[in-house]
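Written out below as structure tokens is the structure these notes cover.
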Amino acid sequence: METVSLETVTSYELAEIRRGVTALLAPLGGMSAFVSPGDRVLIKPNMLAAKSPDKAVTTHPSLVHVIAELVITAGGTALIGDSPGIGGFSAVAEKSGIRDAAERSGARLTEFTDPVELRGEGTFRSIHLARCYHEADKIINLPKLKTHEMMTMTCAVKNLFGAVVGTEKATWHLKAGSTRQLFARLLLEIYLLKKPSLTVVDALMAMEGNGPGSGTPIKRGVLLAGANPVAVDVIAAQLAGIPAELLPIAQEALTMGLPGASRSDIKLTGTPYDSLPVMKFKLPTGLDTRFGLPPFLATALKNQLTSYPVADRSRCVVCGICRDACPPEAITITNSALSIDKARCIRCWCCRELCPHDAMAIDQGMLLRVLKGISRSRRTVPQDSSSSDPMGISR
């Protein structure tokens, strides 16, 4: 059985986070179960963009601070690093509050550079990851629980994609972004190349809607921890009310036979799950409805069942960030306006994820709009209060 610990927290005040993290890790053996004296420990938060902590885009600095303190107390050397999706590392560290967390805790910031080739035995035989990530004695993974327009949810496994350096992320989106399942396999194979020793999820303030960069902060009031990031993702999705069939990472992990992919193989500890309020996060508008359709039908109805990005001209300042980040180079700027080639677009949503002005909107196929309208109307019908949650735990 894979163990995942839960602990409720009420605020990001340092004293409350210290209490919460101590209680969270106690059933797992405390930080000393994961860090030994002399270990060089790389702490990997989510540092997507230069956003303030209240936006819920990045891992909160209070959690980063406390984890770094505990690593140092356990006798380890604490490094905090990532490769941001947009903006320089220094600017993201400053705006997110993570630079201050590093200074106050005694940790050292380290930008992910200098990629090193790692050889795998799966679908992707050669993957380059940041050298400091690969060479660390231990990795502590600190994701933020957020919705994600390509993968439905970004949390433990998806956060490890940050070990890919800089522009190579766009290259991997192009290589593996043709389907959600293939990209999920890439993420899982990155995880298997360098497994984190511990994952601690910041889900006090999470993000719903059009995550991971333009969604709406939502209070979930809980921290999660475990040694297995796949198991942590399964429970995080349950806490967000996201059905298992909408989680490509969990579905692909099942296909690969990875431990933690099945809810029946996960043991919960800490705060009782049944004491937590039921929540159902609003999902991204960019998700399509081709899940489970036969390939020939999915292809035939692609334009009607798929969402595409489109520039919101009232917000767009034509900065070119989306164009430069687009893996298939489907975005061009002509006469001071964005143009998107739908035939080339792979719907990785990097443009929406990285736009600093929230200026990339959604153009939905006609059939998709109809199906979503039907789904909304059905949700207005009163439901039996005794029904179980979407991940199979009765209420």
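Chain identifiers are assigned as A, B, and so on, following the order in which chains appear in the structure tokens; residues are numbered from 1 within each chain, and ligands are numbered from 1 in order of appearance.
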
Applying 9 Å and only C-alpha atoms, which residues near Ala176 (chain A) remain after dropping the ones on its own chain fewer than 6 positions away? List them as a CSV table (one decimal) with N, CA, C and O atoms, in the first residue's frame.
```
chain,number,residue,atom,x,y,z
A,182,LEU,N,0.1,10.4,-24.5
A,182,LEU,CA,1.5,10.4,-24.8
A,182,LEU,C,2.3,11.3,-23.9
A,182,LEU,O,3.3,11.0,-23.4
A,183,PHE,N,1.7,12.5,-23.7
A,183,PHE,CA,2.4,13.5,-22.9
A,183,PHE,C,2.4,13.0,-21.4
A,183,PHE,O,3.4,13.2,-20.7
A,184,ALA,N,1.3,12.4,-21.0
A,184,ALA,CA,1.3,11.8,-19.6
A,184,ALA,C,2.4,10.8,-19.5
A,184,ALA,O,3.1,10.7,-18.4
A,185,ARG,N,2.6,10.0,-20.5
A,185,ARG,CA,3.7,9.0,-20.4
A,185,ARG,C,5.1,9.6,-20.3
A,185,ARG,O,5.9,9.2,-19.6
A,186,LEU,N,5.2,10.7,-21.1
A,186,LEU,CA,6.5,11.5,-20.9
A,186,LEU,C,6.7,11.9,-19.5
A,186,LEU,O,7.8,11.8,-18.9
```

Exercise for the section: Run DSSP on the backbone and give me the residues of region 100-292 of chain A it puts in strand (DSSP E or B), as a ChimeraX atom specification. Expected result: /A:108-111,115-119,126-130,138-142,144-148,152-154,198-208,216-226,266-270

Output the selection as a short mmCIF file (atom, residue, chain, number, x, y, z; two decimals), in the first residue's frame - C-alpha atoms for each residue.
```
data_model
loop_
_atom_site.label_atom_id
_atom_site.label_comp_id
_atom_site.auth_asym_id
_atom_site.auth_seq_id
_atom_site.Cartn_x
_atom_site.Cartn_y
_atom_site.Cartn_z
CA ARG A 108 20.13 28.53 -1.52
CA LEU A 109 18.38 29.32 -4.79
CA THR A 110 19.58 27.48 -7.86
CA GLU A 111 18.30 28.02 -11.39
CA PRO A 115 20.91 19.94 -19.02
CA VAL A 116 22.34 16.43 -18.80
CA GLU A 117 21.18 13.50 -20.92
CA LEU A 118 19.51 10.63 -19.07
CA ARG A 119 18.79 7.33 -20.79
CA SER A 126 16.72 10.04 -24.12
CA ILE A 127 15.57 12.92 -21.90
CA HIS A 128 17.63 15.91 -20.80
CA LEU A 129 17.08 17.16 -17.24
CA ALA A 130 18.80 19.91 -15.25
CA LYS A 138 17.31 13.85 -2.61
CA ILE A 139 14.42 15.64 -4.32
CA ILE A 140 11.52 17.12 -2.37
CA ASN A 141 8.66 17.92 -4.73
CA LEU A 142 6.46 20.90 -3.73
CA LYS A 144 0.61 23.49 -6.21
CA LEU A 145 -2.78 21.84 -6.78
CA LYS A 146 -4.20 23.46 -9.92
CA THR A 147 -6.37 22.60 -12.87
CA HIS A 148 -4.56 22.33 -16.20
CA THR A 152 -6.86 18.43 -16.47
CA MET A 153 -4.80 18.74 -13.27
CA THR A 154 -1.23 19.71 -12.47
CA LEU A 198 8.96 13.17 -0.78
CA THR A 199 6.08 15.15 -2.28
CA VAL A 200 4.24 17.82 -0.27
CA VAL A 201 1.29 19.48 -2.02
CA ASP A 202 0.21 23.05 -1.38
CA ALA A 203 -3.58 22.76 -1.53
CA LEU A 204 -4.47 25.33 1.11
CA MET A 205 -5.23 27.74 -1.72
CA ALA A 206 -5.54 25.81 -4.98
CA MET A 207 -6.65 26.87 -8.46
CA GLU A 208 -9.74 25.90 -10.44
CA THR A 216 -9.35 31.22 -10.05
CA PRO A 217 -7.87 30.70 -6.56
CA ILE A 218 -10.03 28.40 -4.44
CA LYS A 219 -9.53 27.52 -0.78
CA ARG A 220 -9.17 23.78 -0.15
CA GLY A 221 -7.49 24.12 3.26
CA VAL A 222 -5.32 21.02 3.18
CA LEU A 223 -1.75 19.79 2.68
CA LEU A 224 -0.94 16.36 1.22
CA ALA A 225 2.27 14.35 1.46
CA GLY A 226 3.60 11.01 0.33
CA ILE A 266 -3.55 3.82 -1.37
CA LYS A 267 -3.79 4.15 2.39
CA LEU A 268 -4.76 7.51 3.86
CA THR A 269 -3.46 8.80 7.17
CA GLY A 270 -3.60 12.04 9.15
#
```

Practice task
For Ala78 (chain A), please output as a VMD selection string all residues within 6 Å (counting only C-alpha atoms; exclusion window: fewer than 6 positions along the same chain).
Solution key: chain A and resid 41 68 107

Write the selection just made, keeping N, CA and C atoms, as an mmCIF file, in the first residue's frame?
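Below is the file selection-v9.cif, written as the result:
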```cif
data_model
loop_
_atom_site.group_PDB
_atom_site.id
_atom_site.type_symbol
_atom_site.label_atom_id
_atom_site.label_comp_id
_atom_site.auth_asym_id
_atom_site.auth_seq_id
_atom_site.Cartn_x
_atom_site.Cartn_y
_atom_site.Cartn_z
ATOM 1 N N VAL A 41 19.866 18.368 -0.781
ATOM 2 C CA VAL A 41 18.439 18.208 -1.054
ATOM 3 C C VAL A 41 17.946 19.329 -1.966
ATOM 4 N N ALA A 68 12.279 23.908 3.789
ATOM 5 C CA ALA A 68 13.723 24.155 3.803
ATOM 6 C C ALA A 68 14.269 24.119 5.219
ATOM 7 N N ALA A 107 18.230 28.463 2.962
ATOM 8 C CA ALA A 107 18.402 27.666 1.748
ATOM 9 C C ALA A 107 19.079 28.505 0.665
#
```

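Once Gly97 (chain A) and its same-chain neighbours fewer than 3 positions away are set aside, Ser52, Pro53, His60, Pro61, Ser62, Val92, Ala93, Glu94, Asp100, Ala101 and Ala102 of chain A remain within 9 Å of it when counting only C-alpha atoms.
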
Handout entry: Glu149 (chain A) environment, 7 Å, only C-alpha atoms, sequence neighbours closer than 4 positions dropped, as a list in words
Key = Asn210, Gly211, Pro284, Gly286, Leu287 and Trp349 of chain A

Handout entry: Near-Gly177 (chain A) list (10 Å; only C-alpha atoms; drop same-chain fewer than 6 positions) as a count of residues only
Key = 11

Handout entry: Spatial neighbours of Lys169 (chain A), max dist 10 Å, only C-alpha atoms, sep filter under 3 positions, as an MDAnalysis selection string
Key = chainID A and resid 83 85 161:166 172:175 325 327 350

Problem - DSSP-assigned helix (DSSP H, G or I) members of region 152-195 of chain A, reported as an MDAnalysis selection string - result: chainID A and resid 156:163 168:176 180:193

Exercise for the section: May I ask for the distance between CA of Leu24 (chain A) and CA of Ser214 (chain A), given in Å to one decimal place? Expected result: 29.2 Å

Handout entry: Atom pair CA of Leu187 (chain A) / CA of Pro309 (chain A): separation (Å)
Key =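 CA of Pro309 (chain A) lies 23.3 Å from CA of Leu187 (chain A).
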
Problem - Among the residues A:Pro356, A:Gly215, A:Gly209, A:Pro277, the one that comes closest to Gln238 (chain A) [using only C-alpha atoms] - result: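 Smallest distance to Gln238 (chain A) is found for A:Pro277.
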
Exercise for the section: To one decimal in Å, tell me the separation between CA of Tyr133 (chain A) and CA of Val232 (chain A). Expected result: 20.7 Å

Exercise for the section: Have a look at A:Gly241, A:Gly257, A:Pro143, A:Pro196 and name the one nearest to Met279 (chain A); count only C-alpha atoms. Expected result: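 Comparing A:Gly241, A:Gly257, A:Pro143, A:Pro196 against Met279 (chain A), the winner is A:Gly241.
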